[in-house]
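Engineer: Next up is a structure, given as structure tokens.
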Amino acid sequence: MDINDLSIDNLVKLYDLDLFELGDMAHSIREDIHSNKVYFNVNRHINPSNICADICKFCAFSSHRKNPNPYEMTKEEILGDAASAYNRGAREFHIVSAHNPNYPYAWYFDIFKTLKDKFSDIHIKAMTAAEVDFLHRRFNKSYENILQDMQDSGVDSMPGGGAEIFASEVREKICKGKVDAQNWLKIHSIWHSMGKKSNATMLFGHIESKEHRIHHILEIRKLQDKSDGFNAFIPLLYQRQNNFLNVKKFPSGIEILKTIAISRILLPNVPNIKAYWATLGLNLALVSQEFGANDIDGTIEIENIQSAGGANSKRGINKDELISQIKDAGFIPVLRDSLYNEIESY
Ligand code: SF4
């Protein structure tokens, strides 16, 4: 088949190819760019609150869904967690929150600025486009204004969350009311125009079709052609527990690996494909490195969002264990910073 024919009808046929044929295609692209390195970082996830004004059906994290333990971290708790993680070597804080209607606008920027003042060499990756859109709706601020406030208070890059699946008929069923595809892409486009980097995700394995996935990947490719600001694409596997989405059929390991491989093949302009171990499990994330992925994310330390949905990621992973597992899989573990500069290989 001709992968230069970018119609969805054509590209969805990639799923009909044999897994190993697809894997070979994806692996040779990843080898050309990254040889046999697997990137990881030492990071700390901080989720300040699970109280949410939105009602995404796939979500197990929000206290408004099936997880009846609402919390709001105090500034002191956030700083305390950040300090202990920093002292253990974390150089990225990945800060993502539910859309808490109780927080005043300045709350977010005060946290970022305080963290940046205290830990000057930390990389702050914070605020999904869905959170930016929430602040826009709640406080009647323009996207430009919010993104400028993020930059001014020390946010270095944006995570890729909130993209889910771009097709409106799917969003209507799984995350009605949250940022739509057009605005998710617009927010990242503005952020990129400010000279900043971000990631892009795709939540798959729920009610979406293969065509929806291809459409989603192509939308990322189109924006990347214009803005060149995405560092990594992250296909996130839907976690099935503790939520209100009625999913009958889950993807097999083969389909998961095909989705990773297809992501690599269809995104020649995005440098990194991340197999996020917190959603795939470490073993499948390592196998994914043979099918186009070149990154596995990091140590995380505390993981609240995927683990609420059943993932075995609550306590993160020890750096030495991660290194040893990557080596055991036949790859070179490379510690990277948040922008994919290499720090050390093992
Ligand atoms: S996915 Fe995010 S926005 Fe949606 S309900 Fe969960 S926490 Fe709220």
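Each chain in the structure tokens gets a letter, A, B and so on, in the order shown; residues start at 1 in every chain, and ligands are counted from 1 in the order they appear.
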Could you list, as a PDB file with N, CA and C atoms, in the first residue's frame, all the residues within 8 Å of ligand 1, counting only C-alpha atoms and all ligand atoms?
Structural biologist:
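Result file is out.pdb:
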```pdb
ATOM      1  N   ASN A  50      -8.293  16.409  42.523  1.00  0.00           N
ATOM      2  CA  ASN A  50      -9.123  15.552  41.652  1.00  0.00           C
ATOM      3  C   ASN A  50     -10.573  16.042  41.615  1.00  0.00           C
ATOM      4  N   ILE A  51     -10.808  17.246  42.101  1.00  0.00           N
ATOM      5  CA  ILE A  51     -12.170  17.816  42.051  1.00  0.00           C
ATOM      6  C   ILE A  51     -12.340  18.474  40.684  1.00  0.00           C
ATOM      7  N   CYS A  52     -13.369  18.061  39.959  1.00  0.00           N
ATOM      8  CA  CYS A  52     -13.438  18.455  38.551  1.00  0.00           C
ATOM      9  C   CYS A  52     -14.811  18.974  38.153  1.00  0.00           C
ATOM     10  N   ALA A  53     -14.793  20.055  37.391  1.00  0.00           N
ATOM     11  CA  ALA A  53     -16.044  20.621  36.871  1.00  0.00           C
ATOM     12  C   ALA A  53     -16.514  19.862  35.635  1.00  0.00           C
ATOM     13  N   ASP A  54     -15.646  19.027  35.073  1.00  0.00           N
ATOM     14  CA  ASP A  54     -16.019  18.284  33.866  1.00  0.00           C
ATOM     15  C   ASP A  54     -16.396  16.841  34.212  1.00  0.00           C
ATOM     16  N   ILE A  55     -16.943  16.162  33.231  1.00  0.00           N
ATOM     17  CA  ILE A  55     -17.551  14.849  33.531  1.00  0.00           C
ATOM     18  C   ILE A  55     -17.191  13.804  32.473  1.00  0.00           C
ATOM     19  N   CYS A  56     -15.906  13.691  32.185  1.00  0.00           N
ATOM     20  CA  CYS A  56     -15.495  12.724  31.154  1.00  0.00           C
ATOM     21  C   CYS A  56     -15.847  11.297  31.596  1.00  0.00           C
ATOM     22  N   LYS A  57     -16.500  10.582  30.717  1.00  0.00           N
ATOM     23  CA  LYS A  57     -16.983   9.245  31.097  1.00  0.00           C
ATOM     24  C   LYS A  57     -15.865   8.229  31.284  1.00  0.00           C
ATOM     25  N   PHE A  58     -14.736   8.448  30.628  1.00  0.00           N
ATOM     26  CA  PHE A  58     -13.649   7.463  30.726  1.00  0.00           C
ATOM     27  C   PHE A  58     -12.810   7.663  31.981  1.00  0.00           C
ATOM     28  N   CYS A  59     -13.085   8.730  32.740  1.00  0.00           N
ATOM     29  CA  CYS A  59     -12.167   9.148  33.801  1.00  0.00           C
ATOM     30  C   CYS A  59     -12.434   8.415  35.105  1.00  0.00           C
ATOM     31  N   ALA A  60     -11.364   7.902  35.702  1.00  0.00           N
ATOM     32  CA  ALA A  60     -11.473   7.268  37.011  1.00  0.00           C
ATOM     33  C   ALA A  60     -10.808   8.132  38.080  1.00  0.00           C
ATOM     34  N   PHE A  61     -10.240   9.224  37.672  1.00  0.00           N
ATOM     35  CA  PHE A  61      -9.458  10.070  38.594  1.00  0.00           C
ATOM     36  C   PHE A  61     -10.336  11.097  39.295  1.00  0.00           C
ATOM     37  N   SER A  62     -11.264  11.692  38.545  1.00  0.00           N
ATOM     38  CA  SER A  62     -12.086  12.762  39.105  1.00  0.00           C
ATOM     39  C   SER A  62     -12.950  12.265  40.254  1.00  0.00           C
ATOM     40  N   HIS A  64     -15.722  13.371  40.959  1.00  0.00           N
ATOM     41  CA  HIS A  64     -17.134  13.424  40.565  1.00  0.00           C
ATOM     42  C   HIS A  64     -17.568  12.123  39.891  1.00  0.00           C
ATOM     43  N   ARG A  65     -16.634  11.233  39.629  1.00  0.00           N
ATOM     44  CA  ARG A  65     -16.990   9.992  38.955  1.00  0.00           C
ATOM     45  C   ARG A  65     -17.039   8.858  39.983  1.00  0.00           C
ATOM     46  N   SER A  97      -3.828  18.822  36.736  1.00  0.00           N
ATOM     47  CA  SER A  97      -4.883  18.772  37.741  1.00  0.00           C
ATOM     48  C   SER A  97      -6.232  18.527  37.079  1.00  0.00           C
ATOM     49  N   ALA A  98      -7.181  18.068  37.882  1.00  0.00           N
ATOM     50  CA  ALA A  98      -8.577  18.101  37.437  1.00  0.00           C
ATOM     51  C   ALA A  98      -8.998  19.574  37.352  1.00  0.00           C
ATOM     52  N   HIS A  99     -10.147  19.821  36.748  1.00  0.00           N
ATOM     53  CA  HIS A  99     -10.586  21.206  36.512  1.00  0.00           C
ATOM     54  C   HIS A  99     -11.343  21.706  37.742  1.00  0.00           C
ATOM     55  N   ALA A 130      -6.629  21.043  27.813  1.00  0.00           N
ATOM     56  CA  ALA A 130      -7.968  20.975  28.420  1.00  0.00           C
ATOM     57  C   ALA A 130      -8.039  21.886  29.639  1.00  0.00           C
ATOM     58  N   GLU A 131      -6.953  21.944  30.423  1.00  0.00           N
ATOM     59  CA  GLU A 131      -6.939  22.858  31.576  1.00  0.00           C
ATOM     60  C   GLU A 131      -6.922  24.315  31.115  1.00  0.00           C
ATOM     61  N   GLY A 162      -5.634  15.544  27.332  1.00  0.00           N
ATOM     62  CA  GLY A 162      -6.895  16.184  26.944  1.00  0.00           C
ATOM     63  C   GLY A 162      -7.238  16.021  25.483  1.00  0.00           C
ATOM     64  N   CYS A 175     -16.333  12.694  26.480  1.00  0.00           N
ATOM     65  CA  CYS A 175     -15.860  13.865  27.236  1.00  0.00           C
ATOM     66  C   CYS A 175     -16.615  15.126  26.826  1.00  0.00           C
ATOM     67  N   LYS A 178     -15.822  19.144  27.420  1.00  0.00           N
ATOM     68  CA  LYS A 178     -14.403  19.480  27.548  1.00  0.00           C
ATOM     69  C   LYS A 178     -13.924  20.119  26.245  1.00  0.00           C
TER      70      LYS A 178
END
```
Engineer: Might you pull out every residue within 9 Å of Ala275 (chain A), with only C-alpha atoms counted and same-chain residues fewer than 5 positions away left off, and present them as a list of chain:residue names?
Structural biologist: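 Residues near the query, excluding close chain neighbours: A:Phe233, A:Ile234, A:Pro235, A:Leu236, A:Ile260, A:Leu280, A:Leu284, A:Ala285, A:Leu286, A:Ser288, A:Gln289, A:Ala293, A:Asn294, A:Asp295, A:Ile296, A:Asp297.
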Engineer: Please extract the residues of region 65-132 of chain A with a backbone DSSP assignment of alpha helix (DSSP H) and present them as number ranges by chain.
Structural biologist: A: 75-87, 105-118, 129-132
Engineer: For Ala311 (chain A), which residue out of A:Ala261, A:Leu237, A:Ile190, A:Ile326 is the nearest one, using only C-alpha atoms?
Structural biologist: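 Between A:Ala261, A:Leu237, A:Ile190, A:Ile326, the residue approaching Ala311 (chain A) most closely is A:Leu237.
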Engineer: Which residue is closest to Ala200 (chain A)? Choose from A:Asn69, A:Asn100, A:Gln241, A:Ser263 and count only C-alpha atoms.
Structural biologist: A:Ser263
Engineer: So that I can check the surroundings of Gly23 (chain A), please list as number ranges by chain every protein, DNA and RNA residue that reaches within 12 Å of it, counting only C-alpha atoms and ignoring chain neighbours fewer than 2 positions away.
Structural biologist: A: 14-15, 17-21, 25-31, 254-265, 287-293
